[in-house]
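Source file: start_10.csv. Holds: CSV, C-alpha atoms.
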chain,number,residue,atom,x,y,z
U,1,MET,CA,12.5,-5.2,20.7
U,2,LYS,CA,15.2,-7.7,19.7
U,3,LYS,CA,12.9,-10.1,17.8
U,4,LEU,CA,11.7,-7.2,15.5
U,5,GLN,CA,15.3,-5.9,15.0
U,6,ASP,CA,16.5,-9.4,14.1
U,7,LYS,CA,13.6,-9.7,11.6
U,8,ILE,CA,14.5,-6.3,10.0
U,9,LEU,CA,18.1,-7.4,9.7
U,10,SER,CA,17.3,-10.7,8.2
U,11,ASP,CA,14.3,-9.8,6.0
U,12,GLY,CA,14.3,-6.1,5.5
U,13,LYS,CA,15.7,-4.6,2.3
U,14,VAL,CA,17.5,-1.3,2.2
U,15,LEU,CA,16.4,0.3,-1.1
U,16,SER,CA,18.2,3.6,-0.5
U,17,GLU,CA,19.6,5.7,2.3
U,18,SER,CA,16.1,6.6,3.3
U,19,VAL,CA,13.9,3.7,2.2
U,20,LEU,CA,13.6,0.4,4.1
U,21,LYS,CA,11.4,-2.2,2.6
U,22,VAL,CA,9.7,-4.5,5.1
U,23,ASP,CA,6.9,-5.8,3.0
U,24,SER,CA,7.7,-9.4,3.6
U,25,PHE,CA,6.5,-9.2,7.3
U,26,LEU,CA,5.0,-5.8,8.1
U,27,ASN,CA,3.1,-3.9,5.4
U,28,HIS,CA,2.2,-6.2,2.5
U,29,GLN,CA,2.7,-9.7,3.8
U,30,ILE,CA,2.1,-9.9,7.5
U,31,ASP,CA,3.9,-12.3,9.9
U,32,PRO,CA,1.1,-13.0,12.4
U,33,PRO,CA,3.2,-14.3,15.3
U,34,LEU,CA,5.6,-11.4,15.0
U,35,MET,CA,2.6,-9.0,15.0
U,36,GLN,CA,1.3,-10.8,18.1
U,37,ALA,CA,4.7,-10.2,19.8
U,38,ILE,CA,4.6,-6.5,18.7
U,39,GLY,CA,1.1,-6.2,20.3
U,40,GLU,CA,2.3,-7.8,23.5
U,41,GLU,CA,5.3,-5.4,23.7
U,42,PHE,CA,3.2,-2.3,23.2
U,43,ALA,CA,0.6,-3.6,25.7
U,44,LEU,CA,3.4,-4.1,28.2
U,45,ARG,CA,4.7,-0.6,27.7
U,46,PHE,CA,1.3,1.1,28.0
U,47,LYS,CA,-0.4,-1.3,30.5
U,48,ASN,CA,-0.5,1.3,33.3
U,49,ASP,CA,-1.8,4.2,31.2
U,50,GLY,CA,-5.5,3.5,31.3
U,51,ILE,CA,-5.8,3.2,27.5
U,52,THR,CA,-9.4,2.9,26.3
U,53,LYS,CA,-8.8,3.2,22.5
U,54,ILE,CA,-6.1,2.6,20.0
U,55,LEU,CA,-6.1,4.9,17.0
U,56,THR,CA,-4.2,4.2,13.8
U,57,LEU,CA,-4.4,4.8,10.1
U,58,GLU,CA,-5.2,2.4,7.3
U,59,SER,CA,-3.7,0.2,6.1
U,60,SER,CA,-0.4,-0.8,7.6
U,61,GLY,CA,-1.2,0.3,11.1
U,62,ILE,CA,-4.2,-2.0,11.4
U,63,ALA,CA,-2.3,-5.2,12.2
U,64,PRO,CA,-0.2,-3.9,15.0
U,65,ALA,CA,-3.0,-1.8,16.4
U,66,MET,CA,-5.4,-4.8,16.5
U,67,MET,CA,-2.9,-7.0,18.2
U,68,THR,CA,-2.2,-4.4,20.8
U,69,GLY,CA,-5.9,-3.8,21.3
U,70,LEU,CA,-6.4,-7.6,21.8
U,71,VAL,CA,-3.8,-7.7,24.5
U,72,LEU,CA,-4.9,-4.5,26.2
U,73,GLY,CA,-8.6,-5.4,25.9
U,74,VAL,CA,-9.6,-2.3,24.1
U,75,PRO,CA,-11.0,-1.5,20.5
U,76,ALA,CA,-8.7,-0.4,17.7
U,77,VAL,CA,-10.0,2.3,15.4
U,78,PHE,CA,-8.4,3.0,12.1
U,79,ALA,CA,-8.7,6.4,10.4
U,80,ARG,CA,-9.7,6.1,6.8
U,81,LYS,CA,-7.9,8.0,4.1
U,82,ARG,CA,-11.0,9.2,2.4
U,83,LYS,CA,-14.7,9.1,3.0
U,84,SER,CA,-16.7,6.2,1.8
U,85,LEU,CA,-20.3,6.6,0.8
U,86,THR,CA,-21.5,4.9,3.9
U,87,LEU,CA,-19.5,7.1,6.2
U,88,VAL,CA,-20.5,10.8,5.9
U,89,ASP,CA,-20.8,13.7,8.3
U,90,HIS,CA,-20.2,13.2,12.0
U,91,MET,CA,-16.4,12.8,11.4
U,92,TYR,CA,-13.2,14.3,12.7
U,93,THR,CA,-10.9,15.0,9.7
U,94,ALA,CA,-7.3,16.0,9.3
U,95,SER,CA,-4.8,16.3,6.4
U,96,VAL,CA,-1.8,14.1,6.1
U,97,HIS,CA,1.0,14.5,3.5
U,98,SER,CA,2.9,11.4,2.6
U,99,PHE,CA,6.4,12.2,1.3
U,100,THR,CA,6.9,8.6,0.2
U,101,LYS,CA,3.8,8.7,-2.0
U,102,ASN,CA,4.0,12.4,-2.6
U,103,GLU,CA,0.3,13.0,-2.0
U,104,THR,CA,-1.9,14.5,0.6
U,105,ASN,CA,-4.9,12.7,1.9
U,106,ASP,CA,-7.7,13.7,4.2
U,107,ILE,CA,-8.0,11.2,7.0
U,108,SER,CA,-11.2,10.8,8.9
U,109,VAL,CA,-12.6,9.1,12.0
U,110,SER,CA,-16.2,8.8,13.1
U,111,LYS,CA,-17.1,10.9,16.1
U,112,ASP,CA,-18.8,7.7,17.5
U,113,PHE,CA,-15.5,6.0,18.2
U,114,ILE,CA,-13.2,8.6,19.9
U,115,GLN,CA,-14.8,10.6,22.6
U,116,GLN,CA,-13.9,13.1,25.3
U,117,ASP,CA,-13.5,10.5,28.1
U,118,ASP,CA,-11.2,8.2,26.0
U,119,VAL,CA,-7.5,7.7,26.7
U,120,VAL,CA,-6.0,7.1,23.3
U,121,LEU,CA,-2.8,5.3,22.2
U,122,VAL,CA,-1.9,6.5,18.7
U,123,MET,CA,-0.1,3.8,16.6
U,124,ASP,CA,1.5,3.4,13.3
U,125,ASP,CA,3.9,1.1,11.5
U,126,PHE,CA,6.5,3.7,10.6
U,127,LEU,CA,7.5,7.1,11.9
U,128,ALA,CA,9.6,9.1,9.5
U,129,ASN,CA,8.6,12.7,9.0
U,130,GLY,CA,5.7,12.4,11.5
U,131,GLN,CA,3.0,13.6,9.2
U,132,ALA,CA,0.7,10.7,9.8
U,133,ALA,CA,1.2,10.9,13.6
U,134,LEU,CA,0.4,14.6,13.5
U,135,GLY,CA,-2.8,14.0,11.6
U,136,LEU,CA,-3.9,11.4,14.2
U,137,LEU,CA,-2.9,13.7,17.0
U,138,ASP,CA,-5.0,16.4,15.4
U,139,ILE,CA,-8.0,14.1,15.5
U,140,VAL,CA,-7.4,13.2,19.2
U,141,GLU,CA,-7.2,16.9,20.0
U,142,GLN,CA,-10.5,17.5,18.2
U,143,SER,CA,-12.2,14.8,20.2
U,144,GLY,CA,-11.1,16.2,23.5
U,145,ALA,CA,-9.7,12.8,24.5
U,146,LYS,CA,-6.5,12.3,26.5
U,147,LEU,CA,-3.4,11.2,24.5
U,148,ALA,CA,-1.4,8.5,26.3
U,149,GLY,CA,1.4,8.4,23.8
U,150,ILE,CA,2.4,7.1,20.4
U,151,GLY,CA,3.5,3.5,19.6
U,152,ILE,CA,5.6,3.1,16.5
U,153,VAL,CA,6.8,-0.2,15.1
U,154,ILE,CA,9.8,1.1,13.1
U,155,GLU,CA,11.1,4.7,13.6
U,156,LYS,CA,13.5,6.1,11.0
U,157,GLY,CA,15.4,8.0,13.7
U,158,PHE,CA,17.4,9.9,11.1
U,159,GLN,CA,14.3,11.6,9.9
U,160,PRO,CA,12.7,14.5,11.9
U,161,GLY,CA,9.3,13.0,13.0
U,162,GLY,CA,10.4,11.5,16.3
U,163,LYS,CA,12.2,14.7,17.4
U,164,LEU,CA,9.3,16.8,16.4
U,165,LEU,CA,6.9,14.8,18.5
U,166,ARG,CA,9.1,14.4,21.6
U,167,GLU,CA,9.9,18.1,21.6
U,168,ARG,CA,6.2,18.6,22.1
U,169,GLY,CA,6.4,16.5,25.2
U,170,ILE,CA,4.7,13.5,23.7
U,171,ARG,CA,5.7,10.0,24.8
U,172,VAL,CA,6.9,8.1,21.7
U,173,GLU,CA,7.5,4.4,22.1
U,174,THR,CA,9.4,2.8,19.3
U,175,LEU,CA,10.2,-0.9,18.9
U,176,ALA,CA,13.0,-0.5,16.4
U,177,ASN,CA,14.7,2.9,16.0
U,178,ILE,CA,16.9,3.1,12.9
U,179,GLU,CA,19.9,5.3,13.2
U,180,SER,CA,21.0,4.9,9.6
U,181,LEU,CA,20.5,3.0,6.3
U,182,GLU,CA,23.8,4.1,4.9
U,183,ASN,CA,25.9,1.7,2.7
U,184,GLY,CA,22.9,-0.6,2.4
U,185,THR,CA,23.0,-1.5,6.0
U,186,VAL,CA,20.5,-1.1,8.8
U,187,SER,CA,21.9,0.2,12.1
U,188,PHE,CA,19.8,0.8,15.2
U,189,PHE,CA,20.2,3.4,17.9
U,190,GLY,CA,21.9,2.0,21.1
U,191,GLU,CA,21.0,-0.6,23.6
U,192,ALA,CA,17.9,1.3,25.0
U,193,ASN,CA,16.0,0.0,22.0
U,194,THR,CA,17.3,-3.5,21.9
U,195,GLN,CA,15.4,-5.0,24.9
F,196,MET,CA,-21.4,-18.0,13.5
F,197,LYS,CA,-23.8,-17.0,16.2
F,198,LYS,CA,-21.5,-14.6,18.0
F,199,LEU,CA,-21.0,-12.6,14.8
F,200,GLN,CA,-24.7,-12.7,13.9
F,201,ASP,CA,-25.6,-11.5,17.4
F,202,LYS,CA,-23.1,-8.6,17.1
F,203,ILE,CA,-24.6,-7.6,13.7
F,204,LEU,CA,-28.1,-7.6,15.2
F,205,SER,CA,-27.0,-5.6,18.3
F,206,ASP,CA,-24.5,-3.2,16.7
F,207,GLY,CA,-25.1,-3.2,12.9
F,208,LYS,CA,-27.0,-0.3,11.4
F,209,VAL,CA,-29.3,-0.9,8.4
F,210,LEU,CA,-28.9,2.3,6.3
F,211,SER,CA,-31.0,1.1,3.3
F,212,GLU,CA,-32.2,-2.1,1.7
F,213,SER,CA,-28.7,-2.8,0.5
F,214,VAL,CA,-26.3,-1.1,3.0
F,215,LEU,CA,-25.4,-2.5,6.4
F,216,LYS,CA,-23.1,-0.4,8.5
F,217,VAL,CA,-20.8,-2.4,10.8
F,218,ASP,CA,-18.2,0.2,11.4
F,219,SER,CA,-18.4,-0.1,15.1
F,220,PHE,CA,-16.8,-3.6,15.2
F,221,LEU,CA,-15.6,-4.6,11.7
F,222,ASN,CA,-14.4,-2.0,9.3
F,223,HIS,CA,-13.6,1.2,11.1
F,224,GLN,CA,-13.5,0.4,14.8
F,225,ILE,CA,-12.3,-3.2,15.3
F,226,ASP,CA,-13.5,-5.4,18.1
F,227,PRO,CA,-10.3,-7.5,18.7
F,228,PRO,CA,-11.8,-10.5,20.6
F,229,LEU,CA,-14.6,-10.8,18.0
F,230,MET,CA,-11.9,-10.7,15.3
F,231,GLN,CA,-10.0,-13.4,17.2
F,232,ALA,CA,-13.2,-15.6,17.3
F,233,ILE,CA,-13.6,-15.0,13.5
F,234,GLY,CA,-10.1,-16.1,12.9
F,235,GLU,CA,-10.6,-19.2,15.0
F,236,GLU,CA,-13.8,-20.0,13.0
F,237,PHE,CA,-12.2,-19.7,9.6
F,238,ALA,CA,-9.2,-21.7,10.8
F,239,LEU,CA,-11.5,-24.5,11.9
F,240,ARG,CA,-13.3,-24.5,8.6
F,241,PHE,CA,-10.1,-24.7,6.5
F,242,LYS,CA,-7.8,-26.6,8.9
F,243,ASN,CA,-7.6,-29.6,6.7
F,244,ASP,CA,-7.0,-27.8,3.4
F,245,GLY,CA,-3.2,-27.4,3.6
F,246,ILE,CA,-3.4,-23.6,3.4
F,247,THR,CA,0.0,-21.9,3.1
F,248,LYS,CA,-1.1,-18.3,2.5
F,249,ILE,CA,-4.1,-16.0,3.2
F,250,LEU,CA,-4.7,-13.4,0.6
F,251,THR,CA,-7.0,-10.4,1.3
F,252,LEU,CA,-7.4,-6.8,0.2
F,253,GLU,CA,-6.7,-3.6,2.2
F,254,SER,CA,-8.1,-2.3,4.4
F,255,SER,CA,-11.0,-4.1,6.0
F,256,GLY,CA,-9.8,-7.6,5.1
F,257,ILE,CA,-6.6,-7.2,7.1
F,258,ALA,CA,-7.9,-7.8,10.6
F,259,PRO,CA,-9.8,-11.1,9.9
F,260,ALA,CA,-7.1,-12.3,7.6
F,261,MET,CA,-4.3,-11.7,10.1
F,262,MET,CA,-6.3,-13.5,12.9
F,263,THR,CA,-7.0,-16.4,10.7
F,264,GLY,CA,-3.3,-16.6,9.7
F,265,LEU,CA,-2.3,-16.5,13.4
F,266,VAL,CA,-4.5,-19.5,14.2
F,267,LEU,CA,-3.5,-21.5,11.0
F,268,GLY,CA,0.2,-20.6,11.4
F,269,VAL,CA,0.5,-19.0,7.9
F,270,PRO,CA,1.3,-15.5,6.6
F,271,ALA,CA,-1.5,-13.1,5.5
F,272,VAL,CA,-0.9,-11.0,2.4
F,273,PHE,CA,-2.9,-8.0,1.6
F,274,ALA,CA,-3.3,-6.7,-1.9
F,275,ARG,CA,-2.8,-3.0,-2.2
F,276,LYS,CA,-5.2,-0.8,-4.1
F,277,ARG,CA,-2.5,1.2,-5.9
F,278,LYS,CA,1.2,1.0,-6.3
F,279,SER,CA,3.4,2.8,-3.8
F,280,LEU,CA,6.8,4.2,-4.8
F,281,THR,CA,8.6,1.4,-2.9
F,282,LEU,CA,6.6,-1.3,-4.6
F,283,VAL,CA,7.2,-1.4,-8.4
F,284,ASP,CA,7.5,-4.1,-11.0
F,285,HIS,CA,7.4,-7.7,-10.1
F,286,MET,CA,3.6,-7.5,-9.2
F,287,TYR,CA,0.5,-9.4,-10.1
F,288,THR,CA,-2.3,-6.9,-10.8
F,289,ALA,CA,-6.0,-7.0,-11.3
F,290,SER,CA,-8.8,-4.5,-11.6
F,291,VAL,CA,-11.6,-4.3,-9.0
F,292,HIS,CA,-14.7,-2.2,-9.3
F,293,SER,CA,-16.4,-1.1,-6.1
F,294,PHE,CA,-20.1,-0.4,-6.6
F,295,THR,CA,-20.3,1.1,-3.0
F,296,LYS,CA,-17.6,3.6,-3.8
F,297,ASN,CA,-18.3,3.8,-7.5
F,298,GLU,CA,-14.7,3.6,-8.5
F,299,THR,CA,-12.3,1.1,-10.1
F,300,ASN,CA,-8.9,0.4,-8.5
F,301,ASP,CA,-6.0,-1.6,-9.6
F,302,ILE,CA,-5.0,-4.1,-6.9
F,303,SER,CA,-1.5,-5.5,-6.8
F,304,VAL,CA,0.4,-8.2,-5.0
F,305,SER,CA,4.1,-8.8,-5.0
F,306,LYS,CA,5.2,-11.9,-6.9
F,307,ASP,CA,7.4,-12.6,-3.9
F,308,PHE,CA,4.5,-13.6,-1.7
F,309,ILE,CA,2.1,-15.8,-3.7
F,310,GLN,CA,3.8,-18.6,-5.6
F,311,GLN,CA,3.0,-21.6,-7.6
F,312,ASP,CA,3.4,-24.1,-4.7
F,313,ASP,CA,1.1,-22.0,-2.4
F,314,VAL,CA,-2.4,-23.1,-1.3
F,315,VAL,CA,-4.3,-19.9,-0.9
F,316,LEU,CA,-7.3,-18.9,1.2
F,317,VAL,CA,-8.8,-15.7,-0.2
F,318,MET,CA,-10.6,-13.6,2.4
F,319,ASP,CA,-12.6,-10.4,2.7
F,320,ASP,CA,-14.9,-8.7,5.1
F,321,PHE,CA,-17.9,-8.4,2.8
F,322,LEU,CA,-19.2,-10.3,-0.2
F,323,ALA,CA,-21.8,-8.4,-2.2
F,324,ASN,CA,-21.2,-8.2,-6.0
F,325,GLY,CA,-18.1,-10.3,-5.8
F,326,GLN,CA,-15.8,-7.9,-7.6
F,327,ALA,CA,-13.1,-7.8,-4.9
F,328,ALA,CA,-13.1,-11.6,-4.7
F,329,LEU,CA,-12.9,-11.9,-8.5
F,330,GLY,CA,-9.9,-9.6,-8.5
F,331,LEU,CA,-8.1,-11.6,-5.8
F,332,LEU,CA,-9.0,-14.9,-7.6
F,333,ASP,CA,-7.4,-13.4,-10.8
F,334,ILE,CA,-4.2,-12.8,-8.8
F,335,VAL,CA,-4.2,-16.4,-7.5
F,336,GLU,CA,-4.7,-17.7,-11.0
F,337,GLN,CA,-1.8,-15.5,-12.3
F,338,SER,CA,0.4,-17.0,-9.6
F,339,GLY,CA,-0.3,-20.6,-10.5
F,340,ALA,CA,-1.1,-21.3,-6.8
F,341,LYS,CA,-4.0,-23.5,-5.8
F,342,LEU,CA,-7.1,-21.9,-4.5
F,343,ALA,CA,-8.5,-23.6,-1.3
F,344,GLY,CA,-11.6,-21.4,-1.1
F,345,ILE,CA,-12.9,-18.0,0.0
F,346,GLY,CA,-13.6,-16.9,3.5
F,347,ILE,CA,-16.1,-14.1,4.0
F,348,VAL,CA,-17.1,-12.5,7.2
F,349,ILE,CA,-20.4,-11.0,6.0
F,350,GLU,CA,-22.2,-12.1,2.8
F,351,LYS,CA,-25.0,-10.0,1.4
F,352,GLY,CA,-26.7,-13.1,0.1
F,353,PHE,CA,-29.3,-11.0,-1.7
F,354,GLN,CA,-26.6,-9.7,-4.0
F,355,PRO,CA,-25.1,-11.8,-6.8
F,356,GLY,CA,-21.5,-12.3,-5.7
F,357,GLY,CA,-21.9,-15.5,-3.7
F,358,LYS,CA,-24.0,-17.2,-6.5
F,359,LEU,CA,-21.4,-16.2,-9.1
F,360,LEU,CA,-18.5,-17.7,-7.2
F,361,ARG,CA,-20.3,-20.9,-6.1
F,362,GLU,CA,-21.4,-21.5,-9.7
F,363,ARG,CA,-17.8,-21.6,-10.7
F,364,GLY,CA,-17.3,-24.5,-8.2
F,365,ILE,CA,-15.5,-22.3,-5.7
F,366,ARG,CA,-15.9,-23.1,-2.0
F,367,VAL,CA,-17.2,-20.0,-0.3
F,368,GLU,CA,-17.4,-20.0,3.5
F,369,THR,CA,-19.5,-17.2,5.0
F,370,LEU,CA,-19.8,-16.5,8.7
F,371,ALA,CA,-23.0,-14.5,8.5
F,372,ASN,CA,-25.1,-14.7,5.3
F,373,ILE,CA,-27.7,-12.0,5.1
F,374,GLU,CA,-30.9,-12.8,3.4
F,375,SER,CA,-32.5,-9.3,3.5
F,376,LEU,CA,-32.1,-5.8,5.0
F,377,GLU,CA,-35.7,-4.9,4.2
F,378,ASN,CA,-37.8,-2.8,6.6
F,379,GLY,CA,-34.6,-1.8,8.4
F,380,THR,CA,-34.1,-5.3,9.8
F,381,VAL,CA,-31.3,-7.8,9.3
F,382,SER,CA,-32.4,-11.3,8.5
F,383,PHE,CA,-30.0,-14.2,8.0
F,384,PHE,CA,-30.3,-17.3,5.8
F,385,GLY,CA,-31.4,-20.4,7.8
F,386,GLU,CA,-29.9,-22.5,10.5
F,387,ALA,CA,-27.0,-23.7,8.4
F,388,ASN,CA,-25.4,-20.3,9.1
F,389,THR,CA,-26.1,-20.0,12.8
F,390,GLN,CA,-23.8,-22.6,14.2
For the structure just supplied, provide its representation as structure tokens.
Amino acid sequence: MKKLQDKILSDGKVLSESVLKVDSFLNHQIDPPLMQAIGEEFALRFKNDGITKILTLESSGIAPAMMTGLVLGVPAVFARKRKSLTLVDHMYTASVHSFTKNETNDISVSKDFIQQDDVVLVMDDFLANGQAALGLLDIVEQSGAKLAGIGIVIEKGFQPGGKLLRERGIRVETLANIESLENGTVSFFGEANTQ
Amino acid sequence: MKKLQDKILSDGKVLSESVLKVDSFLNHQIDPPLMQAIGEEFALRFKNDGITKILTLESSGIAPAMMTGLVLGVPAVFARKRKSLTLVDHMYTASVHSFTKNETNDISVSKDFIQQDDVVLVMDDFLANGQAALGLLDIVEQSGAKLAGIGIVIEKGFQPGGKLLRERGIRVETLANIESLENGTVSFFGEANTQ
């Protein structure tokens, strides 16, 4: 998605060979028109898949998931990273390790919102090691719902998550797939990802 | 906002005299068209206030803040509840106690995203004791920006937050102001809130 790649090139900050900071438009400050364009792009890619629910993880997945849900006309559910006192029992849970934050969280989703007859699009802002996606897939599996695929805003293609998921036969749609952050420069995988 | 009040009456669950569960459309599963209508309503109420930024708190504030930002044409910033390893220094911070979760979190916002010349609309999904709003106001004050007001999706008007904020002369716009959850029933304050 060219608009997103251009935004990454103009406003993203390469902090190291593995860390790209995009907090000016994606995961701290949100650029709403860009997020709308992201939602439209995911909706286009999954429009023929009979999606009934979008499932993401708080917090940075919420904005792209909601915009995609708005265009597809389906609800967006966000997994919570811990139980709140008003949400107990009756939950699917999975464990997710974050290498960035070096911590493991339980994530949970109410059984009310993902059910056996759902067709689920899993979404997240980043795909790196794939841990968050695997946790969300675990929840989809527990529910008995059908997985349509995974929609990722930015994939760090030099980390193993994308390969791991695709080797399982899962459809992964990435809007910007980063080949490398070496020498302080963002480079994307080839033209297939620059539409 | 009648559409929201109707949704609360049809889909909200009164768990006790102080707890209203709205996780089927607001803070766990999101109803995107309702959220769009919420964004349009806030944008209408604040359209003449010269807003340049919306400031909210992860996670449940993100969806209404982003939709309001989309309509007003301004970015939405969400405060984070703890520092991540990619976000250090150069932050405004404040403490927020959650009575629901019985825990205190530091919230933080990068100094890059709220600045002295901004006019800020603070938003959140719920207003009860006002602790989250006070934390966000603290951050606005630290930045030197101008506060336009506070936009709240659901106010629990029987709890002290709204009174506390309005007594400080702050403009608080609430889309659904709940007078009572007694006897398992949601009742709203009078007609002023049912447009």
- Query: Restricting the calculation to all atoms listed in the file, which member of F:Gly339, F:Gly256, F:Gly352, F:Gly245 is positioned closest to chain U?
  - Reply: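 Checking each of F:Gly339, F:Gly256, F:Gly352, F:Gly245 against chain U, counting all atoms listed in the file, the winner is F:Gly256.
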- Query: Leaving out Val22 in chain U and any residue of its chain fewer than 5 positions from it, which residues lie within 8 Å of it when counting all atoms listed in the file, given as a PyMOL selection string?
  - Reply: chain U and resi 8+11-13+27
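Taking CA of Leu70 in chain U and CA of Thr93 in chain U as endpoints, the distance between them is 26.0 Å.
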- Restrict the distance test to all atoms listed in the file, flag each residue of chain U within 7 Å of chain F, and return the flagged residues as an MDAnalysis selection string. chainID U and resid 28:33 58:59 62:63 66 69:70 75:78 84:85 100:101 113
- Please, which residues are within 12 Å of (-18.2, -16.5, 11.3) by the file's coordinates, counting all atoms listed in the file, and could they come as a ChimeraX atom specification? /F:196-203,229-240,259,263,319-321,346-350,368-372,387-390
- Message: Calculated over all atoms listed in the file, which of the candidates F:Gly325, F:Gly385, F:Gly330, F:Gly344 has the smallest distance to Ile365 in chain F?
- Response: F:Gly344
- Message: I want to know what sits within 10 Å of Gln115 in chain U, based on all atoms listed in the file, with residues of the same chain fewer than 6 positions away left out; could you give that as a ChimeraX atom specification?
- Response: /U:53,140,142-146
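The spacing separating CA of Phe383 in chain F from CA of Glu298 in chain F amounts to 28.7 Å.
We find CA of Ser95 in chain U and CA of Glu141 in chain U to be spaced 13.8 Å apart.
Using all atoms listed in the file, the shortest contact distance between Met286 in chain F and any of F:Val315, F:Ile246, F:Ala323, F:Ile334 is found at F:Ile334.
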